[in-house]
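Structure data (mmCIF, C-alpha atoms and all ligand atoms) from query32.cif:
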```cif
data_query
#
loop_
_atom_site.group_PDB
_atom_site.id
_atom_site.type_symbol
_atom_site.label_atom_id
_atom_site.label_comp_id
_atom_site.auth_asym_id
_atom_site.auth_seq_id
_atom_site.Cartn_x
_atom_site.Cartn_y
_atom_site.Cartn_z
ATOM 1 C CA MET A 18 18.361 200.304 -72.749
ATOM 2 C CA ALA A 19 16.194 202.261 -75.188
ATOM 3 C CA ILE A 20 13.206 204.143 -73.811
ATOM 4 C CA ILE A 21 10.219 203.169 -75.930
ATOM 5 C CA ASP A 22 7.221 204.866 -74.360
ATOM 6 C CA ARG A 23 5.444 207.915 -75.803
ATOM 7 C CA ALA A 24 5.091 209.916 -72.587
ATOM 8 C CA LEU A 25 6.114 213.171 -74.309
ATOM 9 C CA GLU A 26 3.513 213.002 -77.096
ATOM 10 C CA GLY A 27 2.083 216.495 -77.610
ATOM 11 C CA LYS A 28 4.969 218.177 -75.769
ATOM 12 C CA VAL A 29 7.225 220.759 -77.389
ATOM 13 C CA ALA A 30 10.923 220.746 -76.435
ATOM 14 C CA LEU A 31 13.711 223.192 -77.249
ATOM 15 C CA VAL A 32 17.240 221.769 -77.055
ATOM 16 C CA THR A 33 19.983 224.384 -77.309
ATOM 17 C CA GLY A 34 23.075 223.117 -79.103
ATOM 18 C CA GLY A 35 20.991 220.267 -80.496
ATOM 19 C CA SER A 36 22.971 220.114 -83.719
ATOM 20 C CA ARG A 37 25.798 217.875 -82.477
ATOM 21 C CA GLY A 38 27.086 215.630 -79.692
ATOM 22 C CA ILE A 39 25.114 215.355 -76.466
ATOM 23 C CA GLY A 40 22.468 217.821 -77.691
ATOM 24 C CA ARG A 41 21.773 215.696 -80.750
ATOM 25 C CA ALA A 42 21.347 212.561 -78.613
ATOM 26 C CA ILE A 43 18.976 214.490 -76.323
ATOM 27 C CA CYS A 44 16.883 215.578 -79.323
ATOM 28 C CA VAL A 45 16.560 211.961 -80.473
ATOM 29 C CA ALA A 46 15.788 210.643 -76.965
ATOM 30 C CA LEU A 47 12.997 213.199 -76.539
ATOM 31 C CA ALA A 48 11.676 212.366 -80.016
ATOM 32 C CA LYS A 49 11.578 208.650 -79.150
ATOM 33 C CA ARG A 50 9.238 209.596 -76.308
ATOM 34 C CA GLY A 51 7.034 211.414 -78.850
ATOM 35 C CA ALA A 52 8.040 215.063 -78.382
ATOM 36 C CA THR A 53 8.157 217.771 -81.007
ATOM 37 C CA VAL A 54 11.772 218.907 -80.878
ATOM 38 C CA VAL A 55 13.149 222.307 -81.844
ATOM 39 C CA VAL A 56 16.831 221.808 -82.632
ATOM 40 C CA ASN A 57 18.899 224.903 -81.903
ATOM 41 C CA TYR A 58 22.340 225.514 -83.386
ATOM 42 C CA ALA A 59 24.816 228.413 -83.471
ATOM 43 C CA ALA A 60 26.770 227.911 -86.724
ATOM 44 C CA ARG A 61 26.272 224.369 -88.051
ATOM 45 C CA ARG A 62 22.924 224.516 -89.859
ATOM 46 C CA ASP A 63 23.941 221.367 -91.773
ATOM 47 C CA ALA A 64 24.377 219.414 -88.526
ATOM 48 C CA ALA A 65 21.088 220.767 -87.140
ATOM 49 C CA ASP A 66 19.305 219.569 -90.283
ATOM 50 C CA GLU A 67 20.847 216.115 -89.779
ATOM 51 C CA THR A 68 19.599 216.050 -86.186
ATOM 52 C CA ALA A 69 16.136 217.113 -87.374
ATOM 53 C CA ALA A 70 16.099 214.151 -89.800
ATOM 54 C CA LEU A 71 17.070 211.819 -86.917
ATOM 55 C CA VAL A 72 14.269 213.288 -84.784
ATOM 56 C CA THR A 73 11.734 212.564 -87.500
ATOM 57 C CA ALA A 74 13.106 209.037 -87.977
ATOM 58 C CA ALA A 75 12.788 208.488 -84.214
ATOM 59 C CA GLY A 76 9.081 209.334 -84.321
ATOM 60 C CA GLY A 77 9.040 212.985 -83.278
ATOM 61 C CA LYS A 78 8.270 216.194 -85.155
ATOM 62 C CA ALA A 79 11.280 218.412 -85.815
ATOM 63 C CA ALA A 80 12.024 222.084 -86.357
ATOM 64 C CA VAL A 81 15.322 223.931 -86.551
ATOM 65 C CA SER A 82 16.089 227.309 -84.962
ATOM 66 C CA GLY A 83 19.464 229.034 -85.282
ATOM 67 C CA PHE A 84 20.518 231.516 -82.605
ATOM 68 C CA ASP A 85 23.456 232.281 -80.335
ATOM 69 C CA VAL A 86 22.382 231.642 -76.728
ATOM 70 C CA ALA A 87 24.799 234.376 -75.633
ATOM 71 C CA ASP A 88 22.703 236.980 -77.478
ATOM 72 C CA SER A 89 19.765 237.738 -75.188
ATOM 73 C CA ALA A 90 17.770 239.644 -77.832
ATOM 74 C CA ALA A 91 18.168 236.826 -80.370
ATOM 75 C CA VAL A 92 17.110 234.276 -77.728
ATOM 76 C CA ALA A 93 14.009 236.294 -76.808
ATOM 77 C CA GLU A 94 12.968 236.660 -80.438
ATOM 78 C CA ALA A 95 13.556 232.990 -81.292
ATOM 79 C CA ILE A 96 11.698 231.622 -78.261
ATOM 80 C CA LYS A 97 8.753 233.948 -78.907
ATOM 81 C CA GLN A 98 8.612 232.577 -82.458
ATOM 82 C CA ILE A 99 8.838 228.965 -81.213
ATOM 83 C CA GLY A 100 5.879 229.627 -78.908
ATOM 84 C CA LYS A 101 3.875 230.985 -81.848
ATOM 85 C CA ASP A 102 4.876 228.221 -84.281
ATOM 86 C CA HIS A 103 4.190 225.320 -81.925
ATOM 87 C CA GLY A 104 1.475 226.710 -79.649
ATOM 88 C CA GLY A 105 3.703 226.750 -76.563
ATOM 89 C CA LEU A 106 6.804 225.222 -75.014
ATOM 90 C CA ASP A 107 6.906 222.457 -72.383
ATOM 91 C CA ILE A 108 10.572 221.463 -72.081
ATOM 92 C CA LEU A 109 13.752 223.557 -72.249
ATOM 93 C CA VAL A 110 17.111 221.781 -72.314
ATOM 94 C CA ASN A 111 20.014 224.200 -71.851
ATOM 95 C CA ASN A 112 22.746 222.128 -73.452
ATOM 96 C CA ALA A 113 24.681 224.613 -75.643
ATOM 97 C CA GLY A 114 28.214 225.035 -74.381
ATOM 98 C CA VAL A 115 31.790 225.808 -75.285
ATOM 99 C CA ALA A 116 35.027 224.643 -73.663
ATOM 100 C CA ILE A 117 37.568 227.428 -74.056
ATOM 101 C CA ASN A 118 40.474 225.973 -72.124
ATOM 102 C CA GLY A 119 43.682 227.618 -70.965
ATOM 103 C CA LEU A 120 45.860 228.246 -67.954
ATOM 104 C CA LEU A 121 45.113 231.208 -65.702
ATOM 105 C CA LEU A 122 48.163 233.343 -66.476
ATOM 106 C CA ARG A 123 47.479 233.319 -70.197
ATOM 107 C CA TYR A 124 43.709 233.401 -70.135
ATOM 108 C CA LYS A 125 42.256 236.459 -71.879
ATOM 109 C CA ASP A 126 39.316 238.620 -70.806
ATOM 110 C CA ASP A 127 37.426 237.827 -73.986
ATOM 111 C CA GLN A 128 37.857 234.054 -73.392
ATOM 112 C CA TRP A 129 36.524 234.418 -69.857
ATOM 113 C CA GLN A 130 33.603 236.525 -71.046
ATOM 114 C CA ARG A 131 32.673 234.192 -73.899
ATOM 115 C CA SER A 132 32.839 231.103 -71.617
ATOM 116 C CA LEU A 133 30.488 232.660 -69.083
ATOM 117 C CA GLN A 134 28.288 234.296 -71.709
ATOM 118 C CA VAL A 135 27.587 231.056 -73.600
ATOM 119 C CA ASN A 136 27.610 228.454 -70.823
ATOM 120 C CA LEU A 137 25.962 230.391 -68.004
ATOM 121 C CA ALA A 138 24.283 233.552 -69.325
ATOM 122 C CA GLY A 139 23.014 231.492 -72.294
ATOM 123 C CA ALA A 140 21.032 229.227 -69.971
ATOM 124 C CA PHE A 141 19.761 232.254 -68.054
ATOM 125 C CA HIS A 142 18.651 233.989 -71.274
ATOM 126 C CA CYS A 143 16.787 230.888 -72.457
ATOM 127 C CA ALA A 144 15.151 230.210 -69.070
ATOM 128 C CA ARG A 145 14.002 233.823 -68.773
ATOM 129 C CA SER A 146 12.570 233.946 -72.278
ATOM 130 C CA ALA A 147 10.941 230.517 -71.952
ATOM 131 C CA ALA A 148 9.554 231.002 -68.430
ATOM 132 C CA SER A 149 6.168 232.456 -69.369
ATOM 133 C CA LEU A 150 5.593 229.628 -71.889
ATOM 134 C CA LEU A 151 6.765 226.927 -69.439
ATOM 135 C CA LEU A 152 4.490 228.325 -66.731
ATOM 136 C CA ARG A 153 1.566 227.970 -69.129
ATOM 137 C CA ALA A 154 2.525 224.402 -70.180
ATOM 138 C CA LYS A 155 -0.534 222.128 -70.137
ATOM 139 C CA GLU A 156 1.083 219.844 -67.607
ATOM 140 C CA ALA A 157 4.201 220.792 -65.684
ATOM 141 C CA GLY A 158 6.996 222.557 -67.567
ATOM 142 C CA ARG A 159 10.547 221.276 -67.386
ATOM 143 C CA ILE A 160 14.017 222.844 -67.499
ATOM 144 C CA VAL A 161 17.110 220.641 -67.665
ATOM 145 C CA ASN A 162 20.523 222.319 -67.569
ATOM 146 C CA ILE A 163 23.628 220.466 -68.728
ATOM 147 C CA THR A 164 26.417 221.199 -66.283
ATOM 148 C CA SER A 165 29.663 219.176 -65.951
ATOM 149 C CA VAL A 166 31.628 217.087 -63.495
ATOM 150 C CA VAL A 167 34.288 219.816 -63.501
ATOM 151 C CA GLY A 168 31.714 222.300 -62.162
ATOM 152 C CA GLU A 169 31.944 220.335 -58.920
ATOM 153 C CA SER A 170 35.468 218.885 -59.041
ATOM 154 C CA GLY A 171 37.349 221.723 -60.783
ATOM 155 C CA ASN A 172 40.029 221.059 -63.392
ATOM 156 C CA ALA A 173 43.391 222.660 -64.135
ATOM 157 C CA GLY A 174 43.165 224.659 -67.353
ATOM 158 C CA GLN A 175 39.385 224.885 -67.175
ATOM 159 C CA ALA A 176 38.767 227.634 -64.602
ATOM 160 C CA ALA A 177 36.308 229.582 -66.750
ATOM 161 C CA TYR A 178 34.512 226.478 -67.989
ATOM 162 C CA ALA A 179 34.275 225.024 -64.473
ATOM 163 C CA ALA A 180 33.106 228.366 -63.034
ATOM 164 C CA SER A 181 30.396 228.608 -65.674
ATOM 165 C CA LYS A 182 29.248 225.041 -64.959
ATOM 166 C CA ALA A 183 29.291 225.621 -61.172
ATOM 167 C CA GLY A 184 27.223 228.742 -61.800
ATOM 168 C CA LEU A 185 24.706 226.637 -63.716
ATOM 169 C CA ILE A 186 24.134 224.575 -60.566
ATOM 170 C CA GLY A 187 23.273 227.761 -58.629
ATOM 171 C CA LEU A 188 20.960 228.819 -61.449
ATOM 172 C CA THR A 189 19.309 225.388 -61.322
ATOM 173 C CA THR A 190 18.675 225.304 -57.577
ATOM 174 C CA SER A 191 17.415 228.904 -57.486
ATOM 175 C CA LEU A 192 15.057 228.538 -60.441
ATOM 176 C CA ALA A 193 13.826 225.238 -58.980
ATOM 177 C CA LYS A 194 12.685 227.127 -55.874
ATOM 178 C CA GLU A 195 11.325 230.076 -57.841
ATOM 179 C CA LEU A 196 9.239 228.085 -60.325
ATOM 180 C CA ALA A 197 8.127 225.217 -58.061
ATOM 181 C CA SER A 198 4.872 226.847 -57.009
ATOM 182 C CA ARG A 199 3.706 226.559 -60.625
ATOM 183 C CA GLY A 200 4.820 222.933 -60.961
ATOM 184 C CA VAL A 201 7.800 223.657 -63.225
ATOM 185 C CA THR A 202 10.782 221.464 -62.317
ATOM 186 C CA VAL A 203 14.366 222.595 -62.861
ATOM 187 C CA ASN A 204 17.199 220.069 -62.697
ATOM 188 C CA ALA A 205 20.752 219.686 -63.912
ATOM 189 C CA VAL A 206 22.435 216.720 -65.526
ATOM 190 C CA SER A 207 26.168 216.599 -64.913
ATOM 191 C CA PRO A 208 28.088 214.488 -67.423
ATOM 192 C CA GLY A 209 31.566 213.175 -66.803
ATOM 193 C CA PHE A 210 33.696 212.624 -69.910
ATOM 194 C CA ILE A 211 31.582 211.883 -72.953
ATOM 195 C CA ASP A 212 32.797 211.114 -76.473
ATOM 196 C CA THR A 213 31.877 214.150 -78.629
ATOM 197 C CA ASP A 214 33.602 216.765 -80.794
ATOM 198 C CA MET A 215 34.276 218.732 -77.596
ATOM 199 C CA THR A 216 36.334 215.968 -75.972
ATOM 200 C CA ALA A 217 37.952 214.907 -79.255
ATOM 201 C CA GLU A 218 39.306 218.442 -79.476
ATOM 202 C CA HIS A 219 40.557 218.700 -75.876
ATOM 203 C CA LEU A 220 41.427 215.149 -74.804
ATOM 204 C CA PRO A 221 44.582 213.742 -76.409
ATOM 205 C CA GLU A 222 45.089 209.940 -76.424
ATOM 206 C CA ALA A 223 47.514 209.896 -73.466
ATOM 207 C CA ALA A 224 45.207 211.981 -71.266
ATOM 208 C CA ARG A 225 42.343 209.735 -72.288
ATOM 209 C CA ALA A 226 44.117 206.587 -71.098
ATOM 210 C CA LYS A 227 44.941 208.267 -67.776
ATOM 211 C CA LEU A 228 41.356 209.377 -67.366
ATOM 212 C CA LEU A 229 40.042 205.874 -67.967
ATOM 213 C CA GLU A 230 41.992 204.693 -64.927
ATOM 214 C CA GLN A 231 39.942 207.108 -62.786
ATOM 215 C CA ILE A 232 36.533 206.032 -64.036
ATOM 216 C CA PRO A 233 35.176 203.124 -61.954
ATOM 217 C CA LEU A 234 32.936 201.952 -64.803
ATOM 218 C CA ALA A 235 36.079 201.899 -66.971
ATOM 219 C CA ARG A 236 34.772 203.587 -70.084
ATOM 220 C CA ILE A 237 34.300 207.065 -71.502
ATOM 221 C CA GLY A 238 30.600 207.926 -71.674
ATOM 222 C CA ILE A 239 28.540 208.202 -74.824
ATOM 223 C CA ALA A 240 26.030 210.918 -75.608
ATOM 224 C CA ASP A 241 23.115 208.517 -75.115
ATOM 225 C CA ASP A 242 24.139 207.995 -71.473
ATOM 226 C CA VAL A 243 23.379 211.673 -70.864
ATOM 227 C CA ALA A 244 20.354 211.797 -73.161
ATOM 228 C CA HIS A 245 18.555 209.024 -71.278
ATOM 229 C CA ALA A 246 18.924 210.950 -68.014
ATOM 230 C CA VAL A 247 17.536 214.097 -69.658
ATOM 231 C CA ALA A 248 14.607 212.220 -71.216
ATOM 232 C CA PHE A 249 13.766 210.856 -67.758
ATOM 233 C CA LEU A 250 13.903 214.284 -66.063
ATOM 234 C CA ALA A 251 11.787 215.765 -68.873
ATOM 235 C CA GLY A 252 9.095 213.134 -68.411
ATOM 236 C CA PRO A 253 6.059 212.808 -66.150
ATOM 237 C CA GLU A 254 7.707 210.222 -63.867
ATOM 238 C CA ALA A 255 10.200 212.874 -62.675
ATOM 239 C CA GLY A 256 7.508 215.318 -61.520
ATOM 240 C CA TYR A 257 8.601 215.211 -57.863
ATOM 241 C CA ILE A 258 12.288 215.780 -58.638
ATOM 242 C CA THR A 259 13.467 219.383 -58.684
ATOM 243 C CA GLY A 260 16.642 221.321 -57.872
ATOM 244 C CA GLN A 261 18.774 218.197 -58.268
ATOM 245 C CA VAL A 262 22.039 217.474 -60.027
ATOM 246 C CA LEU A 263 21.985 214.044 -61.652
ATOM 247 C CA ARG A 264 25.583 212.917 -62.232
ATOM 248 C CA VAL A 265 26.191 210.754 -65.285
ATOM 249 C CA ASN A 266 29.896 210.095 -64.978
ATOM 250 C CA GLY A 267 30.629 206.379 -64.596
ATOM 251 C CA GLY A 268 31.520 206.971 -60.942
ATOM 252 C CA LEU A 269 34.289 209.489 -61.707
ATOM 253 C CA LEU A 270 32.886 211.767 -58.991
ATOM 254 C CA VAL A 271 30.655 210.307 -56.294
HETATM 255 N N1 LIG B 1 31.491 216.107 -73.941
HETATM 256 C C1 LIG B 1 31.702 216.070 -72.633
HETATM 257 O O1 LIG B 1 32.533 215.294 -72.133
HETATM 258 C C2 LIG B 1 30.916 216.942 -71.708
HETATM 259 C C3 LIG B 1 31.067 216.734 -70.333
HETATM 260 C C4 LIG B 1 30.342 217.518 -69.442
HETATM 261 C C5 LIG B 1 29.492 218.481 -69.921
HETATM 262 N N2 LIG B 1 29.362 218.674 -71.271
HETATM 263 C C6 LIG B 1 28.441 219.716 -71.720
HETATM 264 O O2 LIG B 1 27.476 219.147 -72.563
HETATM 265 C C7 LIG B 1 27.046 220.126 -73.517
HETATM 266 C C8 LIG B 1 27.204 219.567 -74.926
HETATM 267 O O3 LIG B 1 28.578 219.245 -75.118
HETATM 268 P P1 LIG B 1 29.107 218.417 -76.378
HETATM 269 O O4 LIG B 1 30.260 217.639 -75.900
HETATM 270 O O5 LIG B 1 27.975 217.766 -77.068
HETATM 271 O O6 LIG B 1 29.686 219.641 -77.247
HETATM 272 P P2 LIG B 1 29.917 219.772 -78.847
HETATM 273 O O7 LIG B 1 30.010 218.436 -79.464
HETATM 274 O O8 LIG B 1 31.072 220.717 -78.952
HETATM 275 O O9 LIG B 1 28.582 220.503 -79.330
HETATM 276 C C9 LIG B 1 28.308 221.791 -78.854
HETATM 277 C C10 LIG B 1 26.916 222.177 -79.282
HETATM 278 O O10 LIG B 1 26.620 223.469 -78.708
HETATM 279 C C11 LIG B 1 26.271 224.348 -79.761
HETATM 280 N N3 LIG B 1 26.684 225.709 -79.405
HETATM 281 C C12 LIG B 1 27.930 226.147 -79.090
HETATM 282 N N4 LIG B 1 27.899 227.455 -78.820
HETATM 283 C C13 LIG B 1 26.618 227.853 -78.969
HETATM 284 C C14 LIG B 1 25.958 229.100 -78.837
HETATM 285 N N5 LIG B 1 26.622 230.205 -78.494
HETATM 286 N N6 LIG B 1 24.622 229.153 -79.084
HETATM 287 C C15 LIG B 1 23.950 228.032 -79.443
HETATM 288 N N7 LIG B 1 24.518 226.830 -79.584
HETATM 289 C C16 LIG B 1 25.842 226.740 -79.349
HETATM 290 C C17 LIG B 1 26.950 223.817 -81.005
HETATM 291 O O11 LIG B 1 26.268 224.312 -82.156
HETATM 292 P P3 LIG B 1 26.953 224.287 -83.659
HETATM 293 O O12 LIG B 1 26.809 222.859 -84.124
HETATM 294 O O13 LIG B 1 26.125 225.225 -84.451
HETATM 295 O O14 LIG B 1 28.367 224.691 -83.482
HETATM 296 C C18 LIG B 1 26.780 222.320 -80.782
HETATM 297 O O15 LIG B 1 25.483 221.889 -81.136
HETATM 298 C C19 LIG B 1 27.897 221.370 -73.252
HETATM 299 O O16 LIG B 1 27.199 222.246 -72.415
HETATM 300 C C20 LIG B 1 29.102 220.813 -72.531
HETATM 301 O O17 LIG B 1 29.727 221.766 -71.727
HETATM 302 C C21 LIG B 1 30.060 217.935 -72.172
#
```
Just dump the structure as structure tokens.
Amino acid sequence: MAIIDRALEGKVALVTGGSRGIGRAICVALAKRGATVVVNYAARRDAADETAALVTAAGGKAAVSGFDVADSAAVAEAIKQIGKDHGGLDILVNNAGVAINGLLLRYKDDQWQRSLQVNLAGAFHCARSAASLLLRAKEAGRIVNITSVVGESGNAGQAAYAASKAGLIGLTTSLAKELASRGVTVNAVSPGFIDTDMTAEHLPEAARAKLLEQIPLARIGIADDVAHAVAFLAGPEAGYITGQVLRVNGGLLV
């Protein structure tokens, strides 16, 4: 069901990895609620521009900001600029992520480091750089971190990815406690298997059929399933929810 209210009118949101997949759907969902959305990307400027056009079509204002969330100096500089350009920041969605999969015995140091640096340190860098702006948000600031079902369940061949996503839950609960006194809420949304470039790359047809058997709602998720949960947590009606992990997984893990 489409959310059609304008509860985020006047709010500024930054969505990391907003250029494609789940991040793109989050950008559009926030725009439908009236937000100004800054679409971050790492490499695909073309895709970020497409998302920005969708944001505008959905009724929001759009801007594009390219930076690698793993690069703390680049994050700090970009978020400072966003604050200047838009007069503040109200909502941070830490969505950027990479799935560098491989079995333990063959997994390289640089793969481990990149997984943790993008998926976990990236969210930390963005939260730290955004904190002073979020604390000054006119109404309560919001952070939503995109974790994953495998952060709780584990998955063979995804040790680094799962560890990074489990770490994101610890980051979420700790920041929720740290920022609560100033009304900033910090939550995580934990998708199950969602149709995007990431799963197209790592989920062959046979594995997909097997997976479907384990999902009580009997379908792979779509990016909008996750985006609606994020748009809810970013809105005023979720003001008394903090430190939570909202699972959007069709019942795969309950
Ligand atoms: N798809 C799933 O089933 C699933 C399930 C659970 C959790 N998740 C999580 O949901 C999030 C989005 O996943 P997705 O499936 O939409 O992935 P995707 O289709 O592969 O898109 C990844 C997005 O992250 C951006 N990105 C990657 N590395 C980045 C970096 N270092 N700095 C900034 N941006 C970066 C990409 O930007 P470019 O376009 O510039 O490359 C792209 O916008 C990820 O955190 C993922 O772990 C996904």
With the cut-off set at 12 Å and counting all atoms listed in the file, tabulate each residue of segment 90-169 of chain A with an atom at most that distance from an atom of segment 41-60 of chain A, showing the nearest atom pair and its distance in Å to one decimal, ordered by chain and increasing number, as CSV.
```
residue,atom,partner,partner_atom,distance
A:Ala91,CA,A:Ala59,CA,11.2
A:Val92,CA,A:Asn57,CA,10.4
A:Ala95,CA,A:Asn57,CA,9.7
A:Ile96,CA,A:Val55,CA,10.1
A:Gln98,CA,A:Val55,CA,11.2
A:Ile99,CA,A:Val55,CA,8.0
A:Gly100,CA,A:Val55,CA,10.7
A:Asp102,CA,A:Val55,CA,10.5
A:His103,CA,A:Thr53,CA,8.6
A:Gly104,CA,A:Thr53,CA,11.2
A:Gly105,CA,A:Thr53,CA,11.0
A:Leu106,CA,A:Thr53,CA,9.7
A:Asp107,CA,A:Ala52,CA,9.6
A:Ile108,CA,A:Val54,CA,9.2
A:Leu109,CA,A:Val55,CA,9.7
A:Val110,CA,A:Ile43,CA,8.5
A:Asn111,CA,A:Asn57,CA,10.1
A:Asn112,CA,A:Ile43,CA,9.0
A:Ala113,CA,A:Tyr58,CA,8.1
A:Gly114,CA,A:Ala59,CA,10.3
A:Val115,CA,A:Ala59,CA,11.1
A:Val135,CA,A:Ala59,CA,10.6
A:Gly139,CA,A:Ala59,CA,11.7
A:Cys143,CA,A:Asn57,CA,11.4
A:Val161,CA,A:Ile43,CA,10.8
A:Asn162,CA,A:Ile43,CA,11.8
A:Ile163,CA,A:Ile43,CA,10.7
```
Given the file above and the PyMOL selection byres (((chain A and resi 250) around 12) and not hetatm), which residues are selected, and can you give them as a ChimeraX atom specification? /A:24-25,43,46-47,108-110,157-163,201-206,243-249,251-263
Do you have the atom CA of Ser181 of chain A-atom C8 of ligand LIG 1 (chain B) distance handy?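 Result for atom CA of Ser181 of chain A versus atom C8 of ligand LIG 1 (chain B): 13.3 Å, one decimal.
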Go through A:Arg153, A:Arg236, A:Arg23, A:Arg62 and flag the residue nearest ligand LIG 1 (chain B), using only C-alpha atoms and all ligand atoms for the distances. A:Arg62
Can you give me, as a ChimeraX atom specification, the residues this file yields under the PyMOL selection byres (((chain A and resi 232) around 6) and not hetatm)? /A:229-231,233-235,267-269
Take the residues from that selection and put them in a file with C-alpha atoms, as a CSV table (one decimal), in the frame of the given file.
```csv
chain,number,residue,atom,x,y,z
A,229,LEU,CA,40.0,205.9,-68.0
A,230,GLU,CA,42.0,204.7,-64.9
A,231,GLN,CA,39.9,207.1,-62.8
A,233,PRO,CA,35.2,203.1,-62.0
A,234,LEU,CA,32.9,202.0,-64.8
A,235,ALA,CA,36.1,201.9,-67.0
A,267,GLY,CA,30.6,206.4,-64.6
A,268,GLY,CA,31.5,207.0,-60.9
A,269,LEU,CA,34.3,209.5,-61.7
```
Residues within 12 Å of Ala179 of chain A, all atoms listed in the file, excluding chain neighbours under 3 positions, as a VMD selection string: chain A and resid 114 to 119 129 132 to 133 136 to 137 164 to 176 182 to 186 207
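Applied to this file, the PyMOL selection byres (((chain A and resi 65) around 9) and not hetatm) selects the residues Gly34, Gly35, Ser36, Arg37, Arg41, Val56, Asn57, Tyr58, Arg61, Arg62, Asp63, Ala64, Asp66, Glu67, Thr68, Ala69, Ala70, Val81, Ser82 and Gly83 of chain A.
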Let me make sure I understand: among A:Gly238, A:Gly76, A:Gly187, A:Gly200, which one has the smallest atom-to-atom distance to Thr213 of chain A if we use all atoms listed in the file? A:Gly238
Please report, as JSON, the centre and edge lengths in Å to one decimal of an axis-aligned box covering all listed atoms of segment 38-44 of chain A with 8 Å per side.
```
{"center_x": 22.0, "center_y": 215.2, "center_z": -78.5, "size_x": 26.2, "size_y": 21.3, "size_z": 20.4}
```
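Across the structure, atom C14 of ligand LIG 1 (chain B) and atom CA of Asp85 of chain A are spaced 4.3 Å apart.
Taking atom C16 of ligand LIG 1 (chain B) as the reference point, atom CA of Ile211 of chain A is found at 17.2 Å.
The shortest atom-to-atom distance to Gln134 of chain A, with all atoms listed in the file taken into account, belongs to A:Ala87 out of A:Ala177, A:Ala87, A:Leu152, A:Leu192.
Distance annotation: of A:Arg131, A:Lys227, A:Lys78, A:Arg199, the residue with the minimal separation from Ser149 of chain A is A:Arg199; atom set is all atoms listed in the file.
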Residues at most 9 Å from Ala93 of chain A, counting all atoms listed in the file, excluding those fewer than 5 positions away in the same chain, as a ChimeraX atom specification? /A:88,98,142-143,145-147
Which of A:Glu26, A:Asp127, A:Glu222, A:Asp241 sits closest to ligand LIG 1 (chain B) [using all atoms listed in the file]: A:Asp241
From A:Gln128, A:Ser198, A:Ser89, A:Thr33, residue lying nearest ligand LIG 1 (chain B) [all atoms listed in the file]: A:Thr33
